[in-house]
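**Q** My questions all concern the structure below.
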Amino acid sequence: MSMQSGRRIGVAFVGMGGAVATTAIAGIEMIKSGSNRLDGLPLAGLSVAGMADYKDLVFGGWDLNGDDLAAAASGHGVLSKDDIESGAQALKGITPWPAVGSAKFCKNIDGQNRIVAKDHREAVSVIANDLRRFQKESNLDDVVVVNLASTERWPDLNDPALNSTAAFEKGLDSSDEAISPAMLYAYAAIKSGIPYANFTPSVAADVPALLDLAKELNVPVAGKDGKTGQTMMKTVLAPAFKARALHVDGWFSTNILGNRDGLALNDPNSLQSKLNTKGTVLDSILGYPVEDHLVHIHYYRPRGDDKEAWDNIDVTGFMGQRMQVKVNFLCKDSILAAPLVIEIARVLDLARTRGDGGVQEQLSTFFKAPMVKNGHGPEHAFGKQEQMLRDWLGVH
């Protein structure tokens, strides 16, 4: 475990009733009640001065579905009855705060638990008030915001409102349609001096308007799109092929999943956002374009949260001889994602205590499309990303 920081850290999830958030919360509640199972938490064995302990985390957040978290968790089918019972007292007592929703940005996900605001500016002030109330009522030293909401469609990145802080401020006043719910949360967090992470493929704190704001106010931000299953395997395997000079001729990836993430991705516009973040990883690691790199994601209800990822990789070796590698990863999506979300929150909190604002590139290992500080290409190779994080943490 890390050294006790003795600080109470609030983690506010956007999409708190979702499978990833409920899994993260139940897991931490089990640790608080004495479970020593720390499998899957990548930083569990490290001792880092000033880093919040798992037991110091307190949860809150927004969701369009107002069910209490015990009901939400049993609906997702990720956790067993025993798991929910172990964290049940805490889960039963937590209901999400009303959320900002937009059918324009996320077609297949809606709910009754909505923030009713006359415009963007009012929605932002409701979010900021929620964060202040959370800090006060839960007696927190600090707060971190993590976006786990359903994937939004891709916005027009050339829209002026997204490209300068001044234009974004004007866009809030006029409820500019280019500004998505994810951006409203990111803005509210950054303006409140609260670190923000985007674990989804949606465009949020990575627009220039918000990047500039985070830099100016020295607030840590990180993202985007959690790297859990198939892409994690890609970033492990591709550097090995490169090191052995095996030429990748094609890489066929397909996924089937039946959770709410899959349902949101059943909308072609939301799916495109996901494919945008999955697609660039290979070329950047290998140093050449893999022309036949195909990625498919299919919503298949019976599978629930148990995602299946198939990869077929065609490679050419010495003397032009062709070979194949096949990987079949039967993942539990939320079980892979939840611990990463917890570690991201702890590292962002540590960045704030160190006075390290702006993009936190050392968190690249947790993301498919890592945000970078100075406009250079992101590092995707797993081993190099891992080293970046350890160097920043100061552990060797």
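Convention: chains lettered A, B, ... in structure tokens order; per-chain residue numbering from 1; ligands numbered from 1 as shown.
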Mind listing the strand (DSSP E) residues of range 55-236 of chain A, per DSSP on the backbone, as a list in words?

**A**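 Matching residues, listed in order: Leu57, Val58, Phe59, Gly60, Gly61, Trp62, Asp142, Val143, Val144, Val145, Val146, Asn147, Tyr196, Ala197, Asn198, Pro220, Val221, Ala222 and Gly223 of chain A.
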
**Q** As a list of chain:residue names, list the residues of range 126-183 of chain A assigned to alpha helix (DSSP H) by DSSP on the backbone atoms of this structure.

**A**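 So the alpha helix (DSSP H) residues in range 126-183 of chain A would be A:Val126, A:Ile127, A:Ala128, A:Asn129, A:Asp130, A:Leu131, A:Arg132, A:Arg133, A:Phe134, A:Gln135, A:Lys136, A:Glu137, A:Thr165, A:Ala166, A:Ala167, A:Phe168, A:Glu169, A:Lys170, A:Gly171, A:Leu172, A:Asp173, A:Pro181, A:Ala182, A:Met183.
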
**Q** Export N, CA and C atoms of the chosen residues as a tab-separated table (two decimals), in the first residue's frame?

**A**
chain	number	residue	atom	x	y	z
A	126	VAL	N	-24.41	24.54	-11.74
A	126	VAL	CA	-24.98	23.43	-10.96
A	126	VAL	C	-23.89	22.39	-10.68
A	127	ILE	N	-23.10	22.04	-11.71
A	127	ILE	CA	-22.02	21.06	-11.55
A	127	ILE	C	-21.00	21.54	-10.51
A	128	ALA	N	-20.60	22.81	-10.63
A	128	ALA	CA	-19.62	23.37	-9.69
A	128	ALA	C	-20.17	23.37	-8.26
A	129	ASN	N	-21.47	23.68	-8.12
A	129	ASN	CA	-22.11	23.64	-6.79
A	129	ASN	C	-22.14	22.23	-6.22
A	130	ASP	N	-22.42	21.25	-7.08
A	130	ASP	CA	-22.42	19.85	-6.65
A	130	ASP	C	-21.05	19.50	-6.07
A	131	LEU	N	-19.99	19.95	-6.76
A	131	LEU	CA	-18.62	19.63	-6.31
A	131	LEU	C	-18.32	20.29	-4.97
A	132	ARG	N	-18.75	21.54	-4.83
A	132	ARG	CA	-18.53	22.24	-3.55
A	132	ARG	C	-19.28	21.56	-2.41
A	133	ARG	N	-20.53	21.18	-2.70
A	133	ARG	CA	-21.35	20.52	-1.67
A	133	ARG	C	-20.74	19.18	-1.27
A	134	PHE	N	-20.28	18.42	-2.27
A	134	PHE	CA	-19.65	17.11	-2.04
A	134	PHE	C	-18.44	17.27	-1.10
A	135	GLN	N	-17.62	18.28	-1.40
A	135	GLN	CA	-16.41	18.50	-0.59
A	135	GLN	C	-16.77	18.84	0.86
A	136	LYS	N	-17.80	19.68	0.99
A	136	LYS	CA	-18.18	20.15	2.33
A	136	LYS	C	-18.88	19.04	3.13
A	137	GLU	N	-19.90	18.42	2.50
A	137	GLU	CA	-20.71	17.44	3.23
A	137	GLU	C	-19.93	16.18	3.56
A	165	THR	N	-10.21	29.82	-25.17
A	165	THR	CA	-10.96	29.91	-23.92
A	165	THR	C	-12.00	31.03	-23.99
A	166	ALA	N	-11.61	32.15	-24.61
A	166	ALA	CA	-12.54	33.29	-24.70
A	166	ALA	C	-13.79	32.90	-25.52
A	167	ALA	N	-13.56	32.20	-26.64
A	167	ALA	CA	-14.70	31.79	-27.48
A	167	ALA	C	-15.55	30.74	-26.75
A	168	PHE	N	-14.92	29.89	-25.95
A	168	PHE	CA	-15.65	28.88	-25.17
A	168	PHE	C	-16.55	29.55	-24.14
A	169	GLU	N	-16.00	30.58	-23.47
A	169	GLU	CA	-16.80	31.34	-22.48
A	169	GLU	C	-18.03	31.94	-23.15
A	170	LYS	N	-17.84	32.53	-24.35
A	170	LYS	CA	-18.97	33.10	-25.10
A	170	LYS	C	-19.97	31.99	-25.46
A	171	GLY	N	-19.42	30.82	-25.84
A	171	GLY	CA	-20.25	29.67	-26.20
A	171	GLY	C	-21.10	29.19	-25.03
A	172	LEU	N	-20.56	29.31	-23.81
A	172	LEU	CA	-21.35	28.94	-22.63
A	172	LEU	C	-22.52	29.90	-22.46
A	173	ASP	N	-22.28	31.19	-22.72
A	173	ASP	CA	-23.34	32.20	-22.58
A	173	ASP	C	-24.44	32.01	-23.62
A	181	PRO	N	-21.97	17.82	-23.30
A	181	PRO	CA	-22.03	17.62	-21.85
A	181	PRO	C	-20.65	17.32	-21.24
A	182	ALA	N	-19.86	16.47	-21.91
A	182	ALA	CA	-18.53	16.11	-21.37
A	182	ALA	C	-17.68	17.37	-21.17
A	183	MET	N	-17.79	18.32	-22.09
A	183	MET	CA	-17.01	19.57	-21.99
A	183	MET	C	-17.51	20.44	-20.84

**Q** Considering only C-alpha atoms, can you say which of A:Ala245, A:Leu184, A:Leu79, A:Ala21 comes closest to Thr316 in chain A?

**A**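 For Thr316 in chain A, the nearest of the candidates is A:Ala245.
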
**Q** Extract, using only C-alpha atoms, all DNA, RNA and protein residues at most 12 Å from Leu363 in chain A, discarding same-chain residues fewer than 6 positions from it, and format them as a PyMOL selection string.

**A** chain A and resi 42-43+197-199+220-227+340-341+343-348+351+369-373+378-380+382+384-393

**Q** Excluding Phe13 in chain A and residues on its chain fewer than 4 positions from it, collect all residues at most 8 Å away from it, counting only C-alpha atoms, and give them as a PDB file with N, CA and C atoms, in the first residue's frame.

**A**
ATOM      1  N   ALA A  21     -18.045   2.588 -12.756  1.00  0.00           N
ATOM      2  CA  ALA A  21     -18.066   3.337 -11.494  1.00  0.00           C
ATOM      3  C   ALA A  21     -18.553   2.462 -10.341  1.00  0.00           C
ATOM      4  N   PHE A  59     -16.665   8.496  -2.560  1.00  0.00           N
ATOM      5  CA  PHE A  59     -17.241   8.617  -3.902  1.00  0.00           C
ATOM      6  C   PHE A  59     -18.558   9.389  -3.956  1.00  0.00           C
ATOM      7  N   GLY A  60     -18.735  10.084  -5.060  1.00  0.00           N
ATOM      8  CA  GLY A  60     -19.984  10.767  -5.372  1.00  0.00           C
ATOM      9  C   GLY A  60     -20.064  10.873  -6.889  1.00  0.00           C
ATOM     10  N   GLY A  61     -21.134  11.492  -7.400  1.00  0.00           N
ATOM     11  CA  GLY A  61     -21.176  11.682  -8.848  1.00  0.00           C
ATOM     12  C   GLY A  61     -22.566  11.803  -9.420  1.00  0.00           C
ATOM     13  N   TRP A  62     -22.590  11.950 -10.737  1.00  0.00           N
ATOM     14  CA  TRP A  62     -23.817  12.238 -11.481  1.00  0.00           C
ATOM     15  C   TRP A  62     -24.209  11.045 -12.346  1.00  0.00           C
ATOM     16  N   VAL A 145     -12.390  14.752 -10.534  1.00  0.00           N
ATOM     17  CA  VAL A 145     -13.536  14.373 -11.377  1.00  0.00           C
ATOM     18  C   VAL A 145     -13.064  13.394 -12.449  1.00  0.00           C
ATOM     19  N   VAL A 146     -13.806  12.288 -12.631  1.00  0.00           N
ATOM     20  CA  VAL A 146     -13.470  11.312 -13.678  1.00  0.00           C
ATOM     21  C   VAL A 146     -14.704  11.086 -14.548  1.00  0.00           C
ATOM     22  N   ASN A 147     -14.547  11.255 -15.864  1.00  0.00           N
ATOM     23  CA  ASN A 147     -15.651  11.053 -16.798  1.00  0.00           C
ATOM     24  C   ASN A 147     -15.745   9.579 -17.189  1.00  0.00           C
ATOM     25  N   LEU A 148     -16.864   8.949 -16.789  1.00  0.00           N
ATOM     26  CA  LEU A 148     -17.155   7.557 -17.163  1.00  0.00           C
ATOM     27  C   LEU A 148     -18.491   7.479 -17.896  1.00  0.00           C
TER      28      LEU A 148
END

**Q** When you draw a straight line from CA of Val124 in chain A to CA of Ala149 in chain A, how long is it in Å?

**A** 16.4 Å
